[in-house]
>>> print(open('model38.pdb').read())   # PDB, C-alpha atoms and all ligand atoms
ATOM      1  CA  MET A   1      30.989  65.894-222.934
ATOM      2  CA  PRO A   2      34.565  67.179-223.275
ATOM      3  CA  ALA A   3      36.997  64.764-224.923
ATOM      4  CA  ALA A   4      39.710  64.930-222.249
ATOM      5  CA  LYS A   5      39.297  65.248-218.500
ATOM      6  CA  LYS A   6      40.342  68.731-217.567
ATOM      7  CA  ARG A   7      41.745  69.123-214.081
ATOM      8  CA  VAL A   8      39.451  70.655-211.453
ATOM      9  CA  ARG A   9      41.357  73.744-210.274
ATOM     10  CA  LYS A  10      38.651  76.133-209.149
ATOM     11  CA  ALA A  11      35.994  75.956-206.465
ATOM     12  CA  VAL A  12      32.905  78.100-205.975
ATOM     13  CA  PHE A  13      31.514  78.901-202.527
ATOM     14  CA  PRO A  14      28.054  80.501-202.501
ATOM     15  CA  VAL A  15      28.055  82.695-199.385
ATOM     16  CA  ALA A  16      25.360  85.267-200.052
ATOM     17  CA  GLY A  17      22.644  83.741-197.817
ATOM     18  CA  LEU A  18      21.104  85.855-195.059
ATOM     19  CA  GLY A  19      21.312  83.349-192.221
ATOM     20  CA  THR A  20      17.948  84.312-190.752
ATOM     21  CA  ARG A  21      17.843  81.100-188.720
ATOM     22  CA  PHE A  22      20.740  82.385-186.617
ATOM     23  CA  LEU A  23      19.511  85.880-185.804
ATOM     24  CA  PRO A  24      20.563  87.847-183.857
ATOM     25  CA  ALA A  25      24.047  86.266-184.210
ATOM     26  CA  THR A  26      23.991  86.912-187.959
ATOM     27  CA  LYS A  27      22.830  90.521-187.791
ATOM     28  CA  ALA A  28      26.381  91.838-188.307
ATOM     29  CA  VAL A  29      28.337  88.576-188.728
ATOM     30  CA  PRO A  30      27.805  86.430-191.850
ATOM     31  CA  LYS A  31      26.544  82.947-190.960
ATOM     32  CA  GLU A  32      29.551  81.442-192.758
ATOM     33  CA  MET A  33      31.810  83.167-190.215
ATOM     34  CA  LEU A  34      30.234  81.529-187.159
ATOM     35  CA  THR A  35      32.879  79.354-185.583
ATOM     36  CA  VAL A  36      33.109  75.618-185.272
ATOM     37  CA  VAL A  37      35.691  75.271-182.478
ATOM     38  CA  ASP A  38      38.182  77.969-183.516
ATOM     39  CA  ARG A  39      37.645  78.379-187.255
ATOM     40  CA  PRO A  40      34.783  79.867-189.223
ATOM     41  CA  VAL A  41      32.482  77.276-190.809
ATOM     42  CA  LEU A  42      33.632  78.595-194.192
ATOM     43  CA  GLN A  43      37.306  78.050-193.356
ATOM     44  CA  HIS A  44      36.608  74.351-192.692
ATOM     45  CA  VAL A  45      35.085  74.045-196.165
ATOM     46  CA  VAL A  46      37.900  75.984-197.847
ATOM     47  CA  ASP A  47      40.349  73.643-196.078
ATOM     48  CA  GLU A  48      38.481  70.661-197.551
ATOM     49  CA  ALA A  49      38.834  72.185-201.026
ATOM     50  CA  LYS A  50      42.510  72.987-200.486
ATOM     51  CA  ALA A  51      43.194  69.415-199.362
ATOM     52  CA  ALA A  52      41.574  68.234-202.610
ATOM     53  CA  GLY A  53      44.048  70.263-204.665
ATOM     54  CA  ILE A  54      41.886  73.308-205.458
ATOM     55  CA  GLU A  55      43.990  76.318-206.420
ATOM     56  CA  HIS A  56      41.464  79.108-206.887
ATOM     57  CA  PHE A  57      38.690  79.976-204.449
ATOM     58  CA  ILE A  58      35.677  81.882-205.765
ATOM     59  CA  PHE A  59      33.273  83.383-203.250
ATOM     60  CA  VAL A  60      29.823  84.514-204.347
ATOM     61  CA  THR A  61      29.028  87.020-201.634
ATOM     62  CA  GLY A  62      26.349  89.620-200.973
ATOM     63  CA  ARG A  63      25.836  92.773-198.979
ATOM     64  CA  ASN A  64      27.260  92.775-195.436
ATOM     65  CA  LYS A  65      29.718  89.973-196.194
ATOM     66  CA  GLY A  66      32.846  92.117-196.279
ATOM     67  CA  VAL A  67      34.515  90.311-193.368
ATOM     68  CA  ILE A  68      34.715  87.157-195.491
ATOM     69  CA  GLU A  69      37.057  88.995-197.826
ATOM     70  CA  ASP A  70      39.056  90.296-194.854
ATOM     71  CA  HIS A  71      39.314  86.792-193.420
ATOM     72  CA  PHE A  72      41.124  85.530-196.517
ATOM     73  CA  ASP A  73      43.485  88.504-196.605
ATOM     74  CA  SER A  74      46.592  89.192-194.532
ATOM     75  CA  GLN A  75      46.155  91.225-191.353
ATOM     76  CA  TYR A  76      49.349  93.204-191.160
ATOM     77  CA  GLU A  77      48.839  94.934-187.783
ATOM     78  CA  LEU A  78      47.810  91.691-186.109
ATOM     79  CA  GLU A  79      50.738  89.790-187.596
ATOM     80  CA  ARG A  80      53.203  92.458-186.507
ATOM     81  CA  THR A  81      51.816  92.466-182.966
ATOM     82  CA  LEU A  82      52.004  88.670-182.778
ATOM     83  CA  ALA A  83      55.607  88.778-184.037
ATOM     84  CA  GLU A  84      56.569  91.459-181.502
ATOM     85  CA  ARG A  85      55.054  89.436-178.680
ATOM     86  CA  GLY A  86      56.763  86.240-179.783
ATOM     87  CA  LYS A  87      53.457  84.421-180.469
ATOM     88  CA  LYS A  88      55.094  82.206-183.039
ATOM     89  CA  GLU A  89      52.479  79.478-183.214
ATOM     90  CA  ALA A  90      49.529  81.839-183.784
ATOM     91  CA  LEU A  91      51.516  83.752-186.389
ATOM     92  CA  GLU A  92      52.507  80.563-188.129
ATOM     93  CA  ILE A  93      48.861  79.427-188.359
ATOM     94  CA  LEU A  94      47.793  82.756-189.896
ATOM     95  CA  GLN A  95      50.602  82.733-192.441
ATOM     96  CA  ARG A  96      50.243  79.081-193.380
ATOM     97  CA  GLU A  97      46.523  79.411-194.054
ATOM     98  CA  LEU A  98      46.636  82.607-196.055
ATOM     99  CA  PRO A  99      45.742  81.981-199.708
ATOM    100  CA  ALA A 100      48.486  83.165-202.069
ATOM    101  CA  ALA A 101      47.951  86.487-203.826
ATOM    102  CA  GLY A 102      45.550  86.012-206.731
ATOM    103  CA  GLN A 103      44.158  82.718-205.438
ATOM    104  CA  THR A 104      40.829  84.195-204.311
ATOM    105  CA  SER A 105      38.057  85.939-206.234
ATOM    106  CA  PHE A 106      34.949  87.615-204.918
ATOM    107  CA  THR A 107      31.815  88.403-206.845
ATOM    108  CA  ARG A 108      28.354  89.408-205.691
ATOM    109  CA  GLN A 109      24.956  87.890-206.056
ATOM    110  CA  GLN A 110      22.927  91.070-206.101
ATOM    111  CA  ALA A 111      19.529  89.504-205.442
ATOM    112  CA  PRO A 112      18.620  86.300-203.541
ATOM    113  CA  LEU A 113      17.290  84.401-206.558
ATOM    114  CA  GLY A 114      18.454  80.925-205.538
ATOM    115  CA  LEU A 115      21.447  78.588-205.621
ATOM    116  CA  GLY A 116      21.364  78.243-209.429
ATOM    117  CA  HIS A 117      21.596  81.995-209.789
ATOM    118  CA  ALA A 118      24.444  82.210-207.229
ATOM    119  CA  VAL A 119      26.468  79.657-209.215
ATOM    120  CA  TRP A 120      25.730  81.492-212.485
ATOM    121  CA  CYS A 121      27.196  84.662-210.913
ATOM    122  CA  ALA A 122      30.610  82.905-210.912
ATOM    123  CA  ARG A 123      30.563  82.083-214.658
ATOM    124  CA  GLU A 124      33.102  84.677-215.791
ATOM    125  CA  ILE A 125      35.604  83.719-213.097
ATOM    126  CA  VAL A 126      35.239  79.977-213.674
ATOM    127  CA  GLY A 127      35.457  80.274-217.452
ATOM    128  CA  ASP A 128      35.508  77.227-219.716
ATOM    129  CA  GLU A 129      36.653  74.521-217.311
ATOM    130  CA  PRO A 130      35.169  72.082-214.802
ATOM    131  CA  PHE A 131      34.801  73.391-211.271
ATOM    132  CA  ALA A 132      33.940  72.250-207.791
ATOM    133  CA  LEU A 133      31.010  73.705-205.886
ATOM    134  CA  LEU A 134      30.882  73.492-202.107
ATOM    135  CA  LEU A 135      27.887  74.637-200.052
ATOM    136  CA  PRO A 136      29.484  76.020-196.895
ATOM    137  CA  ASP A 137      26.523  75.238-194.598
ATOM    138  CA  MET A 138      27.176  71.537-195.014
ATOM    139  CA  LEU A 139      30.261  70.373-193.132
ATOM    140  CA  HIS A 140      31.492  67.005-194.375
ATOM    141  CA  HIS A 141      33.676  65.346-191.760
ATOM    142  CA  SER A 142      35.819  62.378-192.793
ATOM    143  CA  GLU A 143      39.383  61.135-192.844
ATOM    144  CA  SER A 144      39.914  61.408-196.599
ATOM    145  CA  GLY A 145      37.782  64.517-197.280
ATOM    146  CA  CYS A 146      34.617  64.555-199.377
ATOM    147  CA  LEU A 147      35.941  66.643-202.258
ATOM    148  CA  SER A 148      39.164  64.588-202.380
ATOM    149  CA  ASP A 149      37.050  61.429-202.772
ATOM    150  CA  MET A 150      35.125  63.145-205.558
ATOM    151  CA  ILE A 151      38.238  64.270-207.422
ATOM    152  CA  ALA A 152      39.529  60.683-207.236
ATOM    153  CA  ALA A 153      36.217  59.463-208.709
ATOM    154  CA  TYR A 154      36.275  62.225-211.351
ATOM    155  CA  ASN A 155      39.691  61.041-212.529
ATOM    156  CA  GLY A 156      37.931  57.826-213.526
ATOM    157  CA  THR A 157      34.510  58.998-214.693
ATOM    158  CA  GLY A 158      35.001  62.573-215.903
ATOM    159  CA  GLY A 159      31.771  64.495-216.437
ATOM    160  CA  ASN A 160      29.731  65.743-213.502
ATOM    161  CA  LEU A 161      29.693  64.373-209.962
ATOM    162  CA  ILE A 162      27.485  64.936-206.948
ATOM    163  CA  ALA A 163      28.152  63.823-203.373
ATOM    164  CA  VAL A 164      25.192  61.967-201.892
ATOM    165  CA  ALA A 165      24.271  60.383-198.579
ATOM    166  CA  PRO A 166      21.132  58.626-197.326
ATOM    167  CA  VAL A 167      18.536  60.554-195.311
ATOM    168  CA  PRO A 168      15.413  59.237-193.537
ATOM    169  CA  GLU A 169      12.442  58.952-195.932
ATOM    170  CA  ASP A 170      10.526  61.670-194.079
ATOM    171  CA  GLN A 171      13.283  64.192-194.851
ATOM    172  CA  THR A 172      13.638  63.689-198.612
ATOM    173  CA  HIS A 173      11.341  66.677-199.322
ATOM    174  CA  GLN A 174      13.970  69.022-197.795
ATOM    175  CA  TYR A 175      16.726  68.220-200.320
ATOM    176  CA  GLY A 176      17.671  67.472-203.878
ATOM    177  CA  ILE A 177      17.328  63.690-204.312
ATOM    178  CA  VAL A 178      18.960  61.440-206.915
ATOM    179  CA  GLY A 179      18.133  58.046-208.348
ATOM    180  CA  VAL A 180      21.160  55.847-209.188
ATOM    181  CA  THR A 181      21.919  52.565-210.928
ATOM    182  CA  ASP A 182      23.458  51.014-207.791
ATOM    183  CA  ALA A 183      22.621  52.652-204.448
ATOM    184  CA  SER A 184      25.203  50.634-202.518
ATOM    185  CA  ALA A 185      28.197  51.454-204.773
ATOM    186  CA  LYS A 186      30.666  54.197-203.842
ATOM    187  CA  VAL A 187      30.348  55.666-207.353
ATOM    188  CA  SER A 188      27.198  55.102-209.377
ATOM    189  CA  ARG A 189      25.594  56.572-212.482
ATOM    190  CA  ILE A 190      22.751  59.006-211.743
ATOM    191  CA  THR A 191      19.526  58.210-213.570
ATOM    192  CA  ALA A 192      17.185  60.783-212.028
ATOM    193  CA  MET A 193      17.308  64.005-210.016
ATOM    194  CA  VAL A 194      14.595  66.037-208.388
ATOM    195  CA  GLU A 195      14.711  69.123-206.185
ATOM    196  CA  LYS A 196      12.650  68.862-202.998
ATOM    197  CA  PRO A 197      10.309  66.023-204.093
ATOM    198  CA  LYS A 198       6.847  65.827-202.588
ATOM    199  CA  ALA A 199       6.388  63.111-199.940
ATOM    200  CA  GLY A 200       6.290  59.652-201.476
ATOM    201  CA  THR A 201       7.674  60.691-204.883
ATOM    202  CA  ALA A 202      11.464  60.642-204.242
ATOM    203  CA  PRO A 203      13.458  58.331-206.572
ATOM    204  CA  SER A 204      15.545  57.123-203.574
ATOM    205  CA  ASN A 205      16.653  58.293-200.129
ATOM    206  CA  LEU A 206      20.001  59.630-201.415
ATOM    207  CA  HIS A 207      20.189  63.375-200.920
ATOM    208  CA  ILE A 208      22.456  65.876-202.639
ATOM    209  CA  SER A 209      24.694  66.817-199.745
ATOM    210  CA  GLY A 210      26.316  70.010-201.032
ATOM    211  CA  ARG A 211      29.457  68.987-202.942
ATOM    212  CA  TYR A 212      29.547  68.986-206.753
ATOM    213  CA  ILE A 213      31.967  68.790-209.664
ATOM    214  CA  LEU A 214      30.342  70.413-212.682
ATOM    215  CA  GLN A 215      31.200  71.012-216.311
ATOM    216  CA  PRO A 216      31.064  74.621-217.552
ATOM    217  CA  GLU A 217      28.149  73.852-219.926
ATOM    218  CA  ILE A 218      25.944  74.258-216.827
ATOM    219  CA  PHE A 219      26.274  78.055-217.080
ATOM    220  CA  ALA A 220      24.399  78.409-220.369
ATOM    221  CA  LEU A 221      21.544  76.389-218.871
ATOM    222  CA  LEU A 222      21.522  78.394-215.649
ATOM    223  CA  GLU A 223      21.264  81.550-217.698
ATOM    224  CA  LYS A 224      17.936  80.371-219.130
ATOM    225  CA  GLN A 225      16.714  78.539-216.048
ATOM    226  CA  GLU A 226      13.224  79.416-214.875
ATOM    227  CA  ARG A 227      12.313  79.508-211.223
ATOM    228  CA  GLY A 228      11.581  76.111-209.713
ATOM    229  CA  ALA A 229      10.949  74.763-206.200
ATOM    230  CA  GLY A 230      10.383  77.544-203.655
ATOM    231  CA  GLY A 231      10.215  80.145-206.457
ATOM    232  CA  GLU A 232      14.028  80.051-206.788
ATOM    233  CA  ILE A 233      16.383  79.418-209.713
ATOM    234  CA  GLN A 234      17.427  75.892-208.813
ATOM    235  CA  LEU A 235      20.787  74.371-209.681
ATOM    236  CA  THR A 236      19.198  70.920-209.699
ATOM    237  CA  ASP A 237      16.832  71.903-212.540
ATOM    238  CA  SER A 238      19.769  72.907-214.769
ATOM    239  CA  MET A 239      21.676  69.750-213.825
ATOM    240  CA  ILE A 240      18.666  67.703-214.942
ATOM    241  CA  ARG A 241      18.734  69.474-218.317
ATOM    242  CA  LEU A 242      22.481  68.993-218.654
ATOM    243  CA  MET A 243      22.007  65.275-218.016
ATOM    244  CA  ASP A 244      18.819  64.680-220.043
ATOM    245  CA  ASP A 245      19.108  67.129-222.950
ATOM    246  CA  GLY A 246      22.876  67.752-222.892
ATOM    247  CA  ASN A 247      23.646  64.022-222.610
ATOM    248  CA  GLN A 248      26.344  64.674-220.031
ATOM    249  CA  PRO A 249      27.069  61.893-217.545
ATOM    250  CA  PHE A 250      26.363  62.502-213.860
ATOM    251  CA  HIS A 251      27.725  60.213-211.161
ATOM    252  CA  ALA A 252      26.861  60.074-207.484
ATOM    253  CA  VAL A 253      29.707  59.652-205.007
ATOM    254  CA  ARG A 254      28.479  58.237-201.713
ATOM    255  CA  PHE A 255      29.896  60.107-198.769
ATOM    256  CA  ASP A 256      30.538  57.804-195.828
ATOM    257  CA  GLY A 257      31.603  60.336-193.188
ATOM    258  CA  SER A 258      29.418  62.579-191.021
ATOM    259  CA  ILE A 259      27.525  65.583-192.355
ATOM    260  CA  TYR A 260      26.583  68.552-190.164
ATOM    261  CA  ASP A 261      24.070  71.026-191.542
ATOM    262  CA  CYS A 262      25.379  74.224-190.001
ATOM    263  CA  GLY A 263      22.382  76.073-191.411
ATOM    264  CA  SER A 264      20.372  74.512-188.569
ATOM    265  CA  LYS A 265      21.004  75.131-184.881
ATOM    266  CA  ILE A 266      21.242  71.460-183.937
ATOM    267  CA  GLY A 267      23.567  70.705-186.869
ATOM    268  CA  PHE A 268      25.784  73.642-185.942
ATOM    269  CA  LEU A 269      25.944  72.626-182.270
ATOM    270  CA  MET A 270      26.680  69.004-183.180
ATOM    271  CA  ALA A 271      29.457  70.141-185.525
ATOM    272  CA  ASN A 272      31.080  71.957-182.623
ATOM    273  CA  VAL A 273      30.876  68.852-180.446
ATOM    274  CA  ALA A 274      32.193  66.515-183.166
ATOM    275  CA  TYR A 275      35.022  68.793-184.300
ATOM    276  CA  ALA A 276      36.097  69.449-180.698
ATOM    277  CA  LEU A 277      36.159  65.713-179.953
ATOM    278  CA  ALA A 278      38.288  65.199-183.081
ATOM    279  CA  ARG A 279      40.938  67.614-181.789
ATOM    280  CA  GLU A 280      43.603  65.767-179.853
ATOM    281  CA  GLU A 281      44.469  68.650-177.539
ATOM    282  CA  LEU A 282      40.815  69.315-176.650
ATOM    283  CA  ALA A 283      39.136  65.907-176.739
ATOM    284  CA  ASP A 284      39.805  64.622-173.203
ATOM    285  CA  SER A 285      38.970  67.738-171.236
ATOM    286  CA  PHE A 286      36.006  68.563-173.496
ATOM    287  CA  ARG A 287      34.576  65.055-173.057
ATOM    288  CA  ALA A 288      34.942  65.307-169.292
ATOM    289  CA  GLU A 289      33.195  68.703-169.192
ATOM    290  CA  VAL A 290      30.318  67.532-171.381
ATOM    291  CA  LYS A 291      29.851  64.453-169.182
ATOM    292  CA  ARG A 292      29.725  66.675-166.117
ATOM    293  CA  LEU A 293      27.127  68.872-167.781
ATOM    294  CA  LEU A 294      24.933  65.930-168.711
TER     295      LEU A 294
HETATM  296  C1  LIG B   1      20.403  73.073-201.731
HETATM  297  C2  LIG B   1      20.218  72.242-202.995
HETATM  298  C3  LIG B   1      19.732  70.829-202.637
HETATM  299  C4  LIG B   1      20.676  70.192-201.650
HETATM  300  C5  LIG B   1      20.873  71.099-200.432
HETATM  301  C6  LIG B   1      21.946  70.546-199.501
HETATM  302  O1  LIG B   1      19.144  73.292-201.144
HETATM  303  O2  LIG B   1      19.308  72.890-203.841
HETATM  304  O3  LIG B   1      19.634  70.061-203.800
HETATM  305  O4  LIG B   1      20.180  68.930-201.249
HETATM  306  O5  LIG B   1      21.272  72.419-200.815
HETATM  307  O6  LIG B   1      22.040  71.339-198.372
HETATM  308  P1  LIG B   1      18.907  74.430-200.024
HETATM  309  O7  LIG B   1      19.529  73.903-198.768
HETATM  310  O8  LIG B   1      19.578  75.659-200.522
HETATM  311  O9  LIG B   1      17.427  74.555-199.895
END
>>> encode(input="model38.pdb", output="structure tokens")
Amino acid sequence: MPAAKKRVRKAVFPVAGLGTRFLPATKAVPKEMLTVVDRPVLQHVVDEAKAAGIEHFIFVTGRNKGVIEDHFDSQYELERTLAERGKKEALEILQRELPAAGQTSFTRQQAPLGLGHAVWCAREIVGDEPFALLLPDMLHHSESGCLSDMIAAYNGTGGNLIAVAPVPEDQTHQYGIVGVTDASAKVSRITAMVEKPKAGTAPSNLHISGRYILQPEIFALLEKQERGAGGEIQLTDSMIRLMDDGNQPFHAVRFDGSIYDCGSKIGFLMANVAYALAREELADSFRAEVKRLL
């Protein structure tokens, strides 16, 4: 465990997944670019990281993901046309949201070997400092922001943190599950972790919801990590080794907002409904239209 708490400046976004559950939509468009209201799913997650003070955004991409890179670049022709037509508001949004030059990095996961492998692909760009990891499929909707809550907790605990939230017992086999010292506390020490436990063997009903703060020592473990659940190189397996053999503390931060799994059709549709209802200029007319439909 490092002596001083280093600031969390960088965030990793694994975006190499194929998105087979959304075919044919994802044949030419990466699943992370599907829109929730008027922004790509990925942009919502980058916004969460930005709000938490992240300064460098690292995308682990794959083949056919080129538009992600374009999305976080300036679009000169479009901006000039908007300026010429006096579309000030649209232009302002594009310019405000553009990451500064040098704030983004892109690297490729060349084979779909699992989440642990995707994170390992970012090792050179992260370097020797703690980093945040955000799984873009999982939208975390709350007033304060999930990663902001975690950074606040990290300033107290240091070490490694994982966002967790309860799931019904019959769903624990779909996730990474943690055991903690106090399941009702906002921040609690993690005592056990298991990736996709078999029915009846989960240490609790708290699932790993897709937001992490990790220490760089994880990379050396990922490098040697054997395939685990589902035949993939699992991040959870290396986190277990970092906790048990590396003696690094892991804390769970309970997320109290709403989580939408945009990797599933229902989760994605519900995210659109929830995010539209949260938008002041859309909420009333959207609610009225949905009521009419129902
Ligand atoms: C991954 C993680 C798992 C976590 C989940 C959240 O699993 O391995 O621990 O609970 O994301 O979405 P995957 O969804 O890639 O199977």
>>> resolve_selection(input="model38.pdb", expression="the PyMOL selection byres (((not hetatm)) within 7 of (chain B and resi 1))", output="list in words")
Leu115, Leu135, Met138, Gln174, Tyr175, Gly176, Ile177, Glu195, His207, Ile208, Ser209, Gly210, Gln234, Leu235 and Thr236 of chain A
>>> residues_around(input="model38.pdb", residues="segment 218-222 of chain A", least_positions_apart="5", cutoff="8 Å", atoms="all atoms listed in the file", output="JSON, numbers by chain")
{"A": [116, 117, 120, 123, 233, 235, 238, 239, 241, 242]}
>>> residues_around(input="model38.pdb", residues="segment 247-259 of chain A", least_positions_apart="3", cutoff="7 Å", atoms="all atoms listed in the file", output="list in words")
Met1, Met138, Leu139, His140, His141, Ser142, Cys146, Met150, Gly159, Asn160, Leu161, Ile162, Ala163, Val164, Ala165, Lys186, Val187, Ser188, Arg189, Ile190, Leu242, Met243 and Asp244 of chain A
>>> closest_residue(input="model38.pdb", among="A:Gly17, A:Gly102, A:Gly86, A:Pro24", to="His56 of chain A", atoms="only C-alpha atoms")
A:Gly102
>>> resolve_selection(input="model38.pdb", expression="the PyMOL selection byres (((chain A and resi 136) around 9) and not hetatm)", output="PDB file with C-alpha atoms, in the frame of the given file")
ATOM      1  CA  PHE A  13      31.514  78.901-202.527  1.00  0.00           C
ATOM      2  CA  PRO A  14      28.054  80.501-202.501  1.00  0.00           C
ATOM      3  CA  VAL A  15      28.055  82.695-199.385  1.00  0.00           C
ATOM      4  CA  GLU A  32      29.551  81.442-192.758  1.00  0.00           C
ATOM      5  CA  VAL A  41      32.482  77.276-190.809  1.00  0.00           C
ATOM      6  CA  LEU A  42      33.632  78.595-194.192  1.00  0.00           C
ATOM      7  CA  GLN A  43      37.306  78.050-193.356  1.00  0.00           C
ATOM      8  CA  HIS A  44      36.608  74.351-192.692  1.00  0.00           C
ATOM      9  CA  VAL A  45      35.085  74.045-196.165  1.00  0.00           C
ATOM     10  CA  VAL A  46      37.900  75.984-197.847  1.00  0.00           C
ATOM     11  CA  LEU A 134      30.882  73.492-202.107  1.00  0.00           C
ATOM     12  CA  LEU A 135      27.887  74.637-200.052  1.00  0.00           C
ATOM     13  CA  ASP A 137      26.523  75.238-194.598  1.00  0.00           C
ATOM     14  CA  MET A 138      27.176  71.537-195.014  1.00  0.00           C
ATOM     15  CA  LEU A 139      30.261  70.373-193.132  1.00  0.00           C
ATOM     16  CA  GLY A 210      26.316  70.010-201.032  1.00  0.00           C
ATOM     17  CA  CYS A 262      25.379  74.224-190.001  1.00  0.00           C
ATOM     18  CA  GLY A 263      22.382  76.073-191.411  1.00  0.00           C
TER      19      GLY A 263
END
>>> resolve_selection(input="model38.pdb", expression="the PyMOL selection byres (((chain A and resi 133) around 6) and not hetatm)", output="list in words")
Ala11, Val12, Ala132, Leu134, Arg211 and Tyr212 of chain A
>>> residues_around(input="model38.pdb", residues="Ile54 of chain A", least_positions_apart="4", cutoff="6 Å", atoms="only C-alpha atoms", output="NGL selection string")
:A and (9-10 or 49-50)
>>> closest_residue(input="model38.pdb", among="A:Ser264, A:Thr20, A:Lys196, A:Leu294", to="Gly230 of chain A", atoms="only C-alpha atoms")
A:Lys196
>>> atom_distance(input="model38.pdb", atom1="atom CA of Leu91 of chain A", atom2="atom CA of Glu77 of chain A")
11.6 Å
>>> closest_residue(input="model38.pdb", among="A:Ala271, A:Val290, A:Ala118, A:Leu147", to="Ala51 of chain A", atoms="all atoms listed in the file")
A:Leu147
>>> closest_residue(input="model38.pdb", among="A:Gln75, A:Thr107, A:Gly62, A:Ser204", to="Val126 of chain A", atoms="all atoms listed in the file")
A:Thr107
>>> axis_aligned_box(input="model38.pdb", around="segment 202-216 of chain A", padding_each_side="4 Å", output="JSON")
{"center_x": 21.7, "center_y": 65.9, "center_z": -208.6, "size_x": 28.5, "size_y": 25.5, "size_z": 25.8}
>>> closest_residue(input="model38.pdb", among="A:Pro112, A:Gly145, A:Gly158, A:Gly19", to="Arg7 of chain A", atoms="all atoms listed in the file")
A:Gly158
>>> atom_distance(input="model38.pdb", atom1="atom CA of Ala199 of chain A", atom2="atom CA of His173 of chain A")
6.1 Å
>>> closest_residue(input="model38.pdb", among="A:Glu281, A:Asp245, A:Glu169, A:Asp237", to="Pro203 of chain A", atoms="all atoms listed in the file")
A:Glu169
>>> atom_distance(input="model38.pdb", atom1="atom CA of Leu78 of chain A", atom2="atom CA of Gln95 of chain A")
11.3 Å
